[in-house]
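Below is the file work.cif, which contains mmCIF, C-alpha atoms and all ligand atoms.
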data_upload
#
loop_
_atom_site.label_atom_id
_atom_site.label_comp_id
_atom_site.auth_asym_id
_atom_site.auth_seq_id
_atom_site.Cartn_x
_atom_site.Cartn_y
_atom_site.Cartn_z
CA MET A 279 0.00 0.00 0.00
CA THR A 280 1.30 3.43 -0.85
CA HIS A 281 1.22 6.09 1.83
CA HIS A 282 0.62 9.08 -0.38
CA THR A 283 0.47 11.48 2.52
CA ASP A 284 3.91 10.49 3.79
CA LEU A 285 5.39 10.62 0.32
CA ASP A 286 3.87 13.98 -0.45
CA THR A 287 4.99 15.43 2.86
CA SER A 288 8.59 14.32 2.53
CA ALA A 289 8.74 15.53 -1.07
CA HIS A 290 7.43 18.88 0.05
CA ILE A 291 9.91 19.08 2.92
CA ALA A 292 12.73 18.22 0.50
CA LEU A 293 11.71 21.13 -1.70
CA VAL A 294 11.49 23.52 1.22
CA GLU A 295 14.95 22.38 2.38
CA LYS A 296 16.32 23.09 -1.08
CA TYR A 297 14.81 26.57 -0.93
CA ALA A 298 16.21 27.24 2.51
CA ALA A 299 19.65 25.90 1.63
CA HIS A 300 19.60 28.27 -1.32
CA ASN A 301 19.31 31.12 1.17
CA TYR A 302 21.16 29.95 4.24
CA HIS A 303 23.51 27.31 5.48
CA PRO A 304 23.05 25.89 8.08
CA LEU A 305 19.29 26.09 7.94
CA PRO A 306 17.41 27.88 10.67
CA VAL A 307 14.30 25.86 11.43
CA VAL A 308 11.91 28.48 12.65
CA LEU A 309 9.72 27.19 15.40
CA SER A 310 7.59 29.88 16.91
CA HIS A 311 6.81 33.54 16.82
CA GLY A 312 8.12 35.64 19.61
CA GLU A 313 7.02 39.19 20.05
CA GLY A 314 6.21 41.09 16.88
CA ALA A 315 9.29 41.20 14.74
CA TRP A 316 11.08 38.16 16.19
CA VAL A 317 11.11 34.43 15.51
CA THR A 318 12.79 31.63 17.43
CA ASP A 319 14.39 28.51 15.93
CA VAL A 320 14.38 24.97 17.34
CA GLU A 321 17.63 25.63 19.19
CA GLY A 322 16.22 28.68 20.92
CA ASN A 323 18.08 31.27 18.80
CA ARG A 324 16.10 34.43 18.17
CA TYR A 325 16.09 36.34 14.89
CA LEU A 326 14.79 39.73 13.86
CA ASP A 327 12.68 38.71 10.86
CA CYS A 328 13.64 41.15 8.11
CA LEU A 329 12.08 38.91 5.48
CA ALA A 330 8.70 39.22 7.19
CA GLY A 331 7.15 36.61 4.91
CA TYR A 332 8.11 38.75 1.87
CA SER A 333 5.94 41.51 3.29
CA ALA A 334 3.01 39.31 4.28
CA LEU A 335 3.89 39.97 7.93
CA ASN A 336 3.63 43.75 7.89
CA PHE A 337 1.96 43.58 11.31
CA GLY A 338 4.53 41.21 12.77
CA HIS A 339 4.21 37.65 13.98
CA GLY A 340 1.10 36.84 15.97
CA HIS A 341 -0.34 40.34 16.24
CA PRO A 342 -2.75 40.11 19.21
CA ARG A 343 -5.61 41.90 17.45
CA LEU A 344 -5.39 39.61 14.43
CA LEU A 345 -5.05 36.45 16.48
CA ALA A 346 -8.03 37.42 18.64
CA ARG A 347 -10.17 38.13 15.60
CA ALA A 348 -9.14 34.84 13.95
CA HIS A 349 -9.84 32.82 17.13
CA GLU A 350 -13.22 34.47 17.54
CA GLN A 351 -14.19 33.65 13.96
CA LEU A 352 -12.84 30.09 14.17
CA ASP A 353 -15.34 29.49 16.94
CA ARG A 354 -18.24 30.88 14.89
CA LEU A 355 -18.06 30.03 11.19
CA THR A 356 -15.20 29.38 8.80
CA LEU A 357 -16.67 28.49 5.43
CA THR A 358 -19.92 28.77 3.54
CA SER A 359 -20.64 27.75 -0.02
CA ARG A 360 -20.79 30.71 -2.36
CA ALA A 361 -24.55 30.31 -2.67
CA PHE A 362 -24.77 32.01 0.74
CA LEU A 363 -23.54 35.33 1.95
CA ASN A 364 -21.64 35.42 5.23
CA ASP A 365 -21.85 38.20 7.76
CA GLN A 366 -18.11 38.94 7.59
CA LEU A 367 -17.85 39.58 3.85
CA GLY A 368 -19.88 42.79 3.74
CA PRO A 369 -17.89 44.67 6.40
CA PHE A 370 -14.58 43.44 4.89
CA ALA A 371 -15.57 44.49 1.37
CA GLU A 372 -16.85 47.84 2.59
CA GLY A 373 -13.68 48.47 4.59
CA LEU A 374 -11.40 47.53 1.71
CA ALA A 375 -13.41 49.62 -0.74
CA GLY A 376 -13.02 52.53 1.67
CA LEU A 377 -9.26 52.01 2.00
CA THR A 378 -8.78 51.87 -1.78
CA ARG A 379 -11.47 54.50 -2.50
CA LYS A 380 -12.97 52.10 -5.03
CA GLU A 381 -16.59 51.07 -5.35
CA VAL A 382 -16.25 47.30 -5.26
CA VAL A 383 -13.83 44.54 -4.33
CA LEU A 384 -13.48 40.93 -5.42
CA PRO A 385 -11.81 38.70 -2.81
CA MET A 386 -9.53 35.80 -3.71
CA ASN A 387 -6.85 33.90 -1.75
CA THR A 388 -3.31 34.24 -3.10
CA GLY A 389 -1.53 37.11 -4.80
CA ALA A 390 -1.24 35.20 -8.07
CA GLU A 391 -4.98 34.51 -8.09
CA ALA A 392 -5.69 38.19 -7.61
CA VAL A 393 -3.36 39.06 -10.51
CA GLU A 394 -5.10 36.44 -12.66
CA THR A 395 -8.43 37.98 -11.67
CA ALA A 396 -7.23 41.44 -12.73
CA ILE A 397 -6.04 40.05 -16.08
CA LYS A 398 -9.39 38.38 -16.71
CA VAL A 399 -11.31 41.51 -15.73
CA ALA A 400 -9.15 43.67 -18.00
CA ARG A 401 -9.61 41.35 -20.97
CA LYS A 402 -13.36 41.09 -20.50
CA TRP A 403 -13.62 44.84 -19.99
CA GLY A 404 -11.59 45.26 -23.20
CA TYR A 405 -14.03 43.15 -25.23
CA ARG A 406 -17.28 44.30 -23.62
CA VAL A 407 -16.57 47.97 -22.92
CA LYS A 408 -13.61 49.13 -25.01
CA GLY A 409 -14.67 47.12 -28.06
CA VAL A 410 -11.43 45.27 -28.74
CA PRO A 411 -11.97 42.46 -31.29
CA GLU A 412 -12.39 39.06 -29.57
CA ASP A 413 -9.14 37.28 -28.63
CA SER A 414 -6.88 40.15 -29.64
CA ALA A 415 -6.49 41.99 -26.32
CA THR A 416 -2.97 42.90 -25.25
CA ILE A 417 -1.65 43.78 -21.81
CA VAL A 418 1.64 45.64 -21.42
CA VAL A 419 3.90 44.43 -18.60
CA MET A 420 7.34 45.43 -17.31
CA GLU A 421 10.74 43.81 -17.59
CA GLY A 422 11.90 42.32 -14.31
CA ASN A 423 8.32 41.80 -13.13
CA PHE A 424 7.20 39.29 -10.54
CA HIS A 425 3.46 38.72 -10.31
CA GLY A 426 3.27 35.10 -9.14
CA ARG A 427 3.71 31.62 -10.49
CA THR A 428 0.64 30.51 -12.44
CA THR A 429 1.05 29.45 -16.06
CA THR A 430 -0.34 32.70 -17.48
CA ILE A 431 1.71 34.88 -15.13
CA ILE A 432 5.03 33.14 -15.82
CA SER A 433 4.21 33.45 -19.54
CA PHE A 434 5.17 37.13 -19.29
CA SER A 435 8.01 36.72 -16.81
CA ASP A 436 11.56 37.27 -18.04
CA ASP A 437 13.04 35.21 -15.21
CA LYS A 438 14.37 32.05 -16.86
CA VAL A 439 14.23 30.02 -13.65
CA ALA A 440 10.57 30.85 -13.11
CA ARG A 441 9.64 30.25 -16.76
CA ASP A 442 11.80 27.61 -18.42
CA ASP A 443 10.11 24.33 -19.42
CA TYR A 444 6.62 25.49 -18.47
CA GLY A 445 5.48 26.35 -22.01
CA PRO A 446 3.45 26.63 -24.13
CA PHE A 447 2.85 30.11 -22.82
CA THR A 448 -0.24 32.34 -22.72
CA PRO A 449 -0.13 34.95 -25.50
CA GLY A 450 -1.34 38.55 -25.32
CA PHE A 451 1.42 40.30 -23.37
CA ARG A 452 4.00 42.89 -24.44
CA THR A 453 7.00 43.69 -22.29
CA VAL A 454 8.69 47.09 -21.95
CA SER A 455 11.60 48.30 -19.86
CA TYR A 456 10.55 49.23 -16.29
CA GLY A 457 10.58 52.98 -15.84
CA ASP A 458 10.73 53.79 -19.59
CA ALA A 459 7.64 55.89 -20.36
CA ASP A 460 8.60 56.33 -24.04
CA ALA A 461 8.80 52.58 -24.53
CA LEU A 462 5.42 52.20 -22.87
CA ARG A 463 3.89 54.89 -25.07
CA ALA A 464 5.21 53.06 -28.14
CA ALA A 465 3.86 49.71 -26.94
CA VAL A 466 0.22 50.65 -26.37
CA ASP A 467 -2.30 50.60 -29.22
CA ASP A 468 -6.00 50.00 -29.87
CA THR A 469 -5.73 46.41 -28.66
CA THR A 470 -4.23 47.41 -25.28
CA VAL A 471 -6.68 46.72 -22.48
CA ALA A 472 -4.29 47.29 -19.57
CA VAL A 473 -0.84 48.14 -18.31
CA LEU A 474 0.11 45.87 -15.43
CA LEU A 475 2.95 46.86 -13.14
CA GLU A 476 4.37 46.76 -9.65
CA PRO A 477 4.74 50.38 -8.46
CA ILE A 478 7.96 49.14 -6.84
CA GLN A 479 9.41 45.83 -8.03
CA GLY A 480 9.84 43.75 -4.88
CA GLU A 481 11.23 40.42 -6.04
CA GLY A 482 13.30 42.37 -8.58
CA GLY A 483 15.25 43.83 -5.63
CA VAL A 484 13.11 46.74 -4.39
CA VAL A 485 13.44 48.61 -7.69
CA ILE A 486 11.89 52.07 -7.48
CA PRO A 487 10.97 53.59 -10.86
CA PRO A 488 12.15 57.12 -11.75
CA GLU A 489 10.13 59.89 -10.08
CA GLY A 490 7.12 60.72 -12.25
CA PHE A 491 6.95 57.34 -14.00
CA LEU A 492 3.74 56.23 -12.30
CA ARG A 493 2.10 59.54 -13.24
CA GLU A 494 3.20 59.01 -16.84
CA VAL A 495 1.78 55.47 -16.80
CA ARG A 496 -1.51 56.94 -15.59
CA GLN A 497 -1.50 59.51 -18.44
CA ILE A 498 -0.54 56.93 -21.07
CA CYS A 499 -3.35 54.62 -19.91
CA ASP A 500 -5.84 57.50 -19.99
CA GLY A 501 -4.68 58.48 -23.49
CA ALA A 502 -4.92 54.91 -24.78
CA GLY A 503 -8.17 54.04 -23.04
CA ALA A 504 -6.41 51.24 -21.16
CA LEU A 505 -6.70 50.22 -17.52
CA MET A 506 -3.84 50.86 -15.15
CA ILE A 507 -3.44 47.80 -12.91
CA ALA A 508 -1.17 48.28 -9.89
CA ASP A 509 0.06 45.04 -8.35
CA GLU A 510 0.42 46.20 -4.75
CA VAL A 511 0.63 42.65 -3.39
CA GLN A 512 4.02 43.39 -1.88
CA SER A 513 4.32 47.19 -2.04
CA GLY A 514 0.90 47.94 -0.59
CA LEU A 515 -0.70 48.03 2.85
CA ALA A 516 1.69 50.45 4.57
CA ARG A 517 5.01 48.82 3.65
CA THR A 518 6.35 51.97 1.96
CA GLY A 519 5.08 54.49 4.50
CA ARG A 520 1.85 55.14 2.61
CA THR A 521 -1.15 52.84 2.26
CA PHE A 522 -0.17 52.13 -1.35
CA ALA A 523 3.11 52.72 -3.19
CA CYS A 524 1.10 54.55 -5.89
CA ASP A 525 0.23 57.16 -3.22
CA HIS A 526 3.81 58.46 -3.36
CA GLU A 527 3.00 59.91 -6.79
CA ASP A 528 -0.65 60.67 -6.00
CA VAL A 529 -1.63 58.17 -8.65
CA THR A 530 -4.84 56.13 -8.51
CA PRO A 531 -4.78 53.00 -10.66
CA ASP A 532 -8.00 51.59 -12.13
CA ILE A 533 -7.43 48.24 -10.41
CA TYR A 534 -5.55 47.62 -7.16
CA VAL A 535 -4.24 44.09 -6.68
CA MET A 536 -3.62 43.19 -3.03
CA GLY A 537 -2.53 40.10 -1.13
CA LYS A 538 0.12 39.01 1.38
CA ALA A 539 -0.36 41.37 4.37
CA LEU A 540 -4.11 41.52 3.65
CA GLY A 541 -4.28 38.19 5.49
CA GLY A 542 -2.25 39.56 8.40
CA GLY A 543 0.37 36.83 7.95
CA ILE A 544 -1.99 34.22 9.36
CA TYR A 545 -4.25 33.34 6.44
CA PRO A 546 -4.14 33.69 2.63
CA VAL A 547 -6.32 36.64 1.67
CA SER A 548 -6.11 38.58 -1.58
CA ALA A 549 -8.43 40.87 -3.50
CA ILE A 550 -8.77 43.31 -6.33
CA ALA A 551 -10.56 46.65 -6.01
CA ALA A 552 -12.01 48.75 -8.82
CA ASP A 553 -15.04 50.81 -9.73
CA ARG A 554 -18.29 49.22 -10.89
CA ALA A 555 -17.84 50.30 -14.51
CA ILE A 556 -14.88 47.89 -14.61
CA LEU A 557 -15.64 45.11 -12.15
CA ASP A 558 -19.27 44.73 -13.21
CA VAL A 559 -18.05 42.79 -16.27
CA ILE A 560 -17.74 39.85 -13.87
CA THR A 561 -21.13 38.19 -13.63
CA PRO A 562 -22.23 35.23 -11.46
CA GLY A 563 -20.57 32.07 -12.69
CA SER A 564 -17.97 33.83 -14.85
CA HIS A 565 -15.31 33.89 -12.13
CA GLY A 566 -14.98 32.73 -8.54
CA SER A 567 -13.20 30.75 -5.86
CA THR A 568 -14.33 28.31 -3.18
CA PHE A 569 -12.39 30.04 -0.42
CA GLY A 570 -12.30 33.64 -1.68
CA GLY A 571 -14.00 35.87 0.89
CA ASN A 572 -14.81 33.01 3.27
CA PRO A 573 -15.85 34.08 6.79
CA LEU A 574 -12.44 33.46 8.38
CA ALA A 575 -10.60 35.26 5.56
CA ALA A 576 -13.06 38.14 5.63
CA ALA A 577 -12.86 38.52 9.43
CA ILE A 578 -9.06 38.66 9.37
CA GLY A 579 -9.03 40.90 6.27
CA HIS A 580 -11.50 43.24 7.92
CA GLU A 581 -9.31 43.57 11.02
CA VAL A 582 -6.30 44.29 8.78
CA VAL A 583 -8.21 46.97 6.91
CA THR A 584 -9.41 48.49 10.20
CA MET A 585 -5.82 48.61 11.50
CA LEU A 586 -4.65 50.25 8.27
CA ALA A 587 -7.45 52.80 8.36
CA GLU A 588 -6.02 54.03 11.68
CA GLY A 589 -2.82 55.12 9.89
CA GLU A 590 -0.39 54.04 12.61
CA PHE A 591 1.42 51.45 10.47
CA GLN A 592 1.91 53.88 7.59
CA ARG A 593 3.36 56.40 10.07
CA ARG A 594 5.69 53.84 11.63
CA ALA A 595 6.93 52.65 8.22
CA ALA A 596 7.65 56.23 7.15
CA GLU A 597 9.40 57.28 10.38
CA LEU A 598 11.37 54.11 11.02
CA GLY A 599 12.17 53.86 7.30
CA ALA A 600 13.74 57.33 7.52
CA LEU A 601 15.79 56.13 10.49
CA LEU A 602 16.89 53.02 8.59
CA GLU A 603 17.90 55.14 5.61
CA GLN A 604 19.87 57.49 7.87
CA GLY A 605 21.78 54.49 9.22
CA LEU A 606 22.40 52.79 5.88
CA ARG A 607 23.13 55.80 3.65
CA PRO A 608 26.69 56.32 5.03
CA LEU A 609 27.53 52.75 3.92
CA VAL A 610 27.20 53.74 0.26
CA GLY A 611 30.79 53.84 -0.99
CA HIS A 612 31.82 51.88 2.11
CA GLY A 613 30.66 48.41 1.23
CA LEU A 614 27.40 49.24 -0.47
CA GLU A 615 27.18 50.39 -4.07
CA THR A 616 23.62 51.70 -3.87
CA ILE A 617 20.62 51.59 -1.61
CA ARG A 618 16.98 51.89 -2.64
CA ILE A 619 14.59 52.49 0.20
CA ARG A 620 10.95 53.44 0.57
CA GLY A 621 9.45 53.18 4.04
CA LEU A 622 10.53 49.97 5.73
CA TRP A 623 11.56 48.32 2.49
CA ALA A 624 15.14 48.43 1.26
CA GLY A 625 17.27 46.92 -1.49
CA LEU A 626 21.01 47.08 -0.83
CA ASP A 627 23.49 46.43 -3.66
CA ILE A 628 26.85 45.23 -2.32
CA GLU A 629 29.94 46.81 -3.91
CA PRO A 630 31.88 44.64 -6.39
CA GLY A 631 34.63 42.85 -4.46
CA GLY A 632 32.50 42.70 -1.32
CA PRO A 633 30.80 39.59 0.05
CA SER A 634 28.25 37.82 -2.15
CA GLY A 635 24.59 38.38 -1.30
CA ARG A 636 24.43 34.85 0.02
CA ALA A 637 27.52 35.31 2.22
CA MET A 638 26.10 38.59 3.47
CA SER A 639 22.73 37.03 4.37
CA GLU A 640 24.60 34.31 6.28
CA GLN A 641 26.64 36.96 8.11
CA LEU A 642 23.41 38.72 8.99
CA MET A 643 21.88 35.49 10.22
CA ALA A 644 24.86 34.90 12.48
CA ARG A 645 24.11 38.34 13.94
CA GLY A 646 20.44 37.47 14.50
CA ILE A 647 18.94 39.01 11.37
CA LEU A 648 16.96 37.09 8.72
CA ALA A 649 17.29 38.79 5.33
CA LYS A 650 17.32 37.45 1.79
CA ASP A 651 19.71 37.96 -1.08
CA THR A 652 18.67 38.26 -4.70
CA HIS A 653 20.47 38.65 -8.06
CA GLY A 654 23.81 37.62 -6.53
CA SER A 655 24.71 40.84 -4.74
CA THR A 656 21.50 42.46 -3.53
CA ILE A 657 20.02 42.17 -0.04
CA ARG A 658 16.39 42.93 0.60
CA LEU A 659 15.21 44.16 3.97
CA ALA A 660 11.51 44.16 4.87
CA PRO A 661 11.13 44.12 8.65
CA PRO A 662 7.63 43.94 10.13
CA LEU A 663 6.22 47.42 10.65
CA VAL A 664 6.06 46.78 14.41
CA VAL A 665 9.86 47.09 14.80
CA ASP A 666 11.09 49.81 17.11
CA GLU A 667 13.99 52.27 16.99
CA GLU A 668 16.28 49.99 18.95
CA GLU A 669 15.69 47.12 16.52
CA ILE A 670 16.39 49.39 13.56
CA GLY A 671 19.68 50.31 15.29
CA MET A 672 20.46 46.61 15.67
CA LEU A 673 19.75 46.03 12.00
CA VAL A 674 21.99 48.90 10.89
CA ASP A 675 24.80 47.67 13.18
CA ALA A 676 24.47 44.14 11.81
CA VAL A 677 24.61 45.32 8.17
CA THR A 678 27.60 47.54 8.97
CA ALA A 679 29.47 44.73 10.74
CA SER A 680 28.65 42.21 7.98
CA LEU A 681 30.21 44.48 5.35
CA ALA A 682 33.40 45.11 7.35
N1 LIG A 701 2.59 40.01 -6.98
C1 LIG A 701 3.69 40.44 -6.36
C2 LIG A 701 4.14 41.84 -6.58
C3 LIG A 701 4.42 39.59 -5.52
O1 LIG A 701 5.53 40.03 -4.92
C4 LIG A 701 3.95 38.28 -5.32
C5 LIG A 701 4.69 37.34 -4.44
O2 LIG A 701 5.81 37.54 -4.06
C6 LIG A 701 2.79 37.85 -6.00
C7 LIG A 701 2.12 38.76 -6.80
C8 LIG A 701 2.27 36.46 -5.84
O3 LIG A 701 1.69 36.27 -4.61
P1 LIG A 701 1.41 34.77 -4.09
O4 LIG A 701 2.74 34.16 -3.80
O5 LIG A 701 0.56 34.97 -2.86
O6 LIG A 701 0.67 34.07 -5.17
#
Starting from the file, lay out its structure as C-alpha cells.
Amino acid sequence: MTHHTDLDTSAHIALVEKYAAHNYHPLPVVLSHGEGAWVTDVEGNRYLDCLAGYSALNFGHGHPRLLARAHEQLDRLTLTSRAFLNDQLGPFAEGLAGLTRKEVVLPMNTGAEAVETAIKVARKWGYRVKGVPEDSATIVVMEGNFHGRTTTIISFSDDKVARDDYGPFTPGFRTVSYGDADALRAAVDDTTVAVLLEPIQGEGGVVIPPEGFLREVRQICDGAGALMIADEVQSGLARTGRTFACDHEDVTPDIYVMGKALGGGIYPVSAIAADRAILDVITPGSHGSTFGGNPLAAAIGHEVVTMLAEGEFQRRAAELGALLEQGLRPLVGHGLETIRIRGLWAGLDIEPGGPSGRAMSEQLMARGILAKDTHGSTIRLAPPLVVDEEEIGMLVDAVTASLA
C-alpha cells in the first residue's frame, strides 16, 4: 500500500529544504513567533525577521488583534458555499473599498490569483466595454516583473528560472523596460486593455521607478483608453510608509491588486478593487473561488483593513524607514554600491569585491537578522512594521558589521 500522505509530505519538505539551503547554510528551522518582529528557531536562537514573509507579515508575527479576531471567527463560522452570503464579507468588502477608494472589491486567496483575476477583468472589460476584437487583447507588462507563479503569469516573466520548461505560454502580453515611459507609449495601441505593473518591483530587488513614472503610466493609460493595474501585493498596505506605493506619486490605478499582508500573515487573503464600470463585467458564474471571501478570511481581512485605516502602520513605516535610511546611507561607498529604500523596504546592492549576497545574508543570520539575497549581490530588507527604533539600530549595526 502506498502512503501518499507520507510521500507527499517528505517531497514537500525536501523542496522547502532546497529553498532554505539556497538562502542559508546551516538552515534555521523556525519554530515559533516571539514578540512582533522576532522568531525563534528549534535551538532557541532568536532572529529579527527582516524577510517578514516577503511583506506578508507587515503587522509582525502573531499580532494580538489579528489572532483574537481569527480565534473568535474560528469558533463561529469558517466556510460557507458561495450560494450564501456570510456576515463577515460585507464589512470586509466595505472596509477595503473605503481604503482603496474604489466602489467594489473581489476577494480571492493568493496574490497570483488576484493578478489572474485582474487580467481576466481587463480582458473582458476590453471586449465588452472598449470594443477590442475578440481574442486580440494585449496587456503591457514590465521587464523584471514578478506577479506570481501561475502558467499565465510566468508566460510574461523574463526570469528564466521561473519560466523555463513550463510552455506553451499564454499569448497577449507585451514587455517594456521598467521605468521607460517612451517605450510604454510606443507599446500601447487599440488592442491594449491594460498596463500591469508593480509600483515598486519587490522580487526584482526593491526597484523604485524614476520619479514621475507612475504619473506618466496613468496619463498613457488615460490616453490609450487602457486600464492601469497596480500590483500592490508586496508594495501595498503600509510597507512603503503610505497605504499604497502609488500614493507616493498621487496616482490612482484603475485596479488595485492586493494580497500578502491583507491576510495579516496568518491566512491567505487577496483581493482586487475597482469601480463598478470595470468590475461589473464579472457576472455570477464567470469567475470565482471556493475560499475567496470566506468568513475566516473576511474577518481577518476586515481587522487588517481596520488597522490600516487608523494610519499608525503607515506612520511607523515612514518614520522608522527614515531612520533606517539614515543608518544605511553612510555605507554607500563603504561596502554598499547603492541603496533603494521606501518606508521599511530596502534593497542594498553590495559593492563589487565585497561579500556575495548569500555570504552577506549568512553573516546577517549569524548576527540574528533574517534577510534574503537576490540577483547575486543584492540584499532585501523588509522588517515587520512593528519594529522599534532599537531594533532598527540593531539592523543597521548588523549590516555595517557584515560588510566590514
Ligand atoms: N505580486 C507580487 C508583486 C508579488 O511580490 C507576489 C509574491 O511575491 C505575488 C504577486 C504572488 O503572490 P502569491 O505568492 O501569494 O501568489
Atom pair CA of Val393 in chain A / CA of Thr584 in chain A: separation (Å):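 For CA of Val393 in chain A relative to CA of Thr584 in chain A, the distance reads 23.5 Å.
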Please check which protein, DNA or RNA residues sit within 10 Å of ligand LIG 701 (chain A), counting all atoms listed in the file, and write them as an mmCIF file with C-alpha atoms, keeping the file's coordinate frame.
data_model
loop_
_atom_site.group_PDB
_atom_site.id
_atom_site.type_symbol
_atom_site.label_atom_id
_atom_site.label_comp_id
_atom_site.auth_asym_id
_atom_site.auth_seq_id
_atom_site.Cartn_x
_atom_site.Cartn_y
_atom_site.Cartn_z
ATOM 1 C CA GLY A 331 7.150 36.610 4.910
ATOM 2 C CA TYR A 332 8.110 38.750 1.870
ATOM 3 C CA SER A 333 5.940 41.510 3.290
ATOM 4 C CA ALA A 334 3.010 39.310 4.280
ATOM 5 C CA ASN A 387 -6.850 33.900 -1.750
ATOM 6 C CA THR A 388 -3.310 34.240 -3.100
ATOM 7 C CA GLY A 389 -1.530 37.110 -4.800
ATOM 8 C CA ALA A 390 -1.240 35.200 -8.070
ATOM 9 C CA GLU A 391 -4.980 34.510 -8.090
ATOM 10 C CA ALA A 392 -5.690 38.190 -7.610
ATOM 11 C CA VAL A 393 -3.360 39.060 -10.510
ATOM 12 C CA GLU A 394 -5.100 36.440 -12.660
ATOM 13 C CA ASN A 423 8.320 41.800 -13.130
ATOM 14 C CA PHE A 424 7.200 39.290 -10.540
ATOM 15 C CA HIS A 425 3.460 38.720 -10.310
ATOM 16 C CA GLY A 426 3.270 35.100 -9.140
ATOM 17 C CA ARG A 427 3.710 31.620 -10.490
ATOM 18 C CA THR A 428 0.640 30.510 -12.440
ATOM 19 C CA ILE A 431 1.710 34.880 -15.130
ATOM 20 C CA LEU A 475 2.950 46.860 -13.140
ATOM 21 C CA GLU A 476 4.370 46.760 -9.650
ATOM 22 C CA PRO A 477 4.740 50.380 -8.460
ATOM 23 C CA ILE A 478 7.960 49.140 -6.840
ATOM 24 C CA GLN A 479 9.410 45.830 -8.030
ATOM 25 C CA GLY A 480 9.840 43.750 -4.880
ATOM 26 C CA GLU A 481 11.230 40.420 -6.040
ATOM 27 C CA GLY A 482 13.300 42.370 -8.580
ATOM 28 C CA ALA A 508 -1.170 48.280 -9.890
ATOM 29 C CA ASP A 509 0.060 45.040 -8.350
ATOM 30 C CA GLU A 510 0.420 46.200 -4.750
ATOM 31 C CA VAL A 511 0.630 42.650 -3.390
ATOM 32 C CA GLN A 512 4.020 43.390 -1.880
ATOM 33 C CA SER A 513 4.320 47.190 -2.040
ATOM 34 C CA GLY A 514 0.900 47.940 -0.590
ATOM 35 C CA VAL A 535 -4.240 44.090 -6.680
ATOM 36 C CA MET A 536 -3.620 43.190 -3.030
ATOM 37 C CA GLY A 537 -2.530 40.100 -1.130
ATOM 38 C CA LYS A 538 0.120 39.010 1.380
ATOM 39 C CA ALA A 539 -0.360 41.370 4.370
ATOM 40 C CA PRO A 546 -4.140 33.690 2.630
ATOM 41 C CA VAL A 547 -6.320 36.640 1.670
ATOM 42 C CA SER A 548 -6.110 38.580 -1.580
#
Given all atoms listed in the file, how would the per-residue table for range 511-590 of chain A near range 352-355 of chain A read, listing every residue at most 10 Å away with its closest atom pair and distance in Å to one decimal, sorted by chain and number, as a Markdown table?
| residue | atom | partner | partner_atom | distance |
| --- | --- | --- | --- | --- |
| A:Asn572 | CA | A:Leu355 | CA | 9.1 |
| A:Pro573 | CA | A:Leu355 | CA | 6.4 |
| A:Leu574 | CA | A:Leu352 | CA | 6.7 |
| A:Ala577 | CA | A:Leu352 | CA | 9.7 |
Keeping C-alpha atoms for every residue in the selection just given, could you write it to a file as a PDB file, in the frame of the given file?
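Listing of part.pdb after writing:
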ATOM      1  CA  ASN A 572     -14.810  33.010   3.270  1.00  0.00           C
ATOM      2  CA  PRO A 573     -15.850  34.080   6.790  1.00  0.00           C
ATOM      3  CA  LEU A 574     -12.440  33.460   8.380  1.00  0.00           C
ATOM      4  CA  ALA A 577     -12.860  38.520   9.430  1.00  0.00           C
TER       5      ALA A 577
END
Distance criterion (only C-alpha atoms): nearest to Leu601 in chain A out of A:Glu668, A:Ile657, A:Ile617, A:Leu648: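 The answer is A:Glu668, which sits nearest to Leu601 in chain A.
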Counting only C-alpha atoms, the residue of A:Val582, A:Val674, A:Val473, A:Ala596 that sits nearest Ala502 in chain A: A:Val473
Best match for closeness to Pro608 in chain A among A:Gly340, A:Val665, A:Ala549, A:Val677, counting only C-alpha atoms: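 Once distances to Pro608 in chain A are computed over only C-alpha atoms, the minimum belongs to A:Val677.
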Atomic distance CA of Arg645 in chain A - CA of Ala315 in chain A, expressed in Å with one decimal: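 These atoms are spaced 15.1 Å apart.
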If I wrap all listed atoms of range 413-416 of chain A in a box with edges along x, y and z and add 6 Å on each side, what are its centre and edge lengths in Å to one decimal, as JSON?
{"center_x": -6.1, "center_y": 40.1, "center_z": -27.4, "size_x": 18.2, "size_y": 17.6, "size_z": 16.4}
Hey, which bits of range 319-435 of chain A sit within 9 Å of range 441-445 of chain A, and for each residue what's the closest pair of atoms and how far apart in Å (one decimal), counting all atoms listed in the file, rows by chain and increasing number, as a Markdown table?
| residue | atom | partner | partner_atom | distance |
| --- | --- | --- | --- | --- |
| A:Arg427 | CA | A:Arg441 | CA | 8.7 |
| A:Thr429 | CA | A:Tyr444 | CA | 7.2 |
| A:Ile432 | CA | A:Arg441 | CA | 5.5 |
| A:Ser433 | CA | A:Arg441 | CA | 6.9 |
| A:Phe434 | CA | A:Arg441 | CA | 8.6 |
| A:Ser435 | CA | A:Arg441 | CA | 6.7 |
Please produce a file of those selected residues containing C-alpha atoms, as an mmCIF file, in the coordinates of the input.
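The resulting file, selection.cif, is reproduced below:
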data_model
loop_
_atom_site.group_PDB
_atom_site.id
_atom_site.type_symbol
_atom_site.label_atom_id
_atom_site.label_comp_id
_atom_site.auth_asym_id
_atom_site.auth_seq_id
_atom_site.Cartn_x
_atom_site.Cartn_y
_atom_site.Cartn_z
ATOM 1 C CA ARG A 427 3.710 31.620 -10.490
ATOM 2 C CA THR A 429 1.050 29.450 -16.060
ATOM 3 C CA ILE A 432 5.030 33.140 -15.820
ATOM 4 C CA SER A 433 4.210 33.450 -19.540
ATOM 5 C CA PHE A 434 5.170 37.130 -19.290
ATOM 6 C CA SER A 435 8.010 36.720 -16.810
#
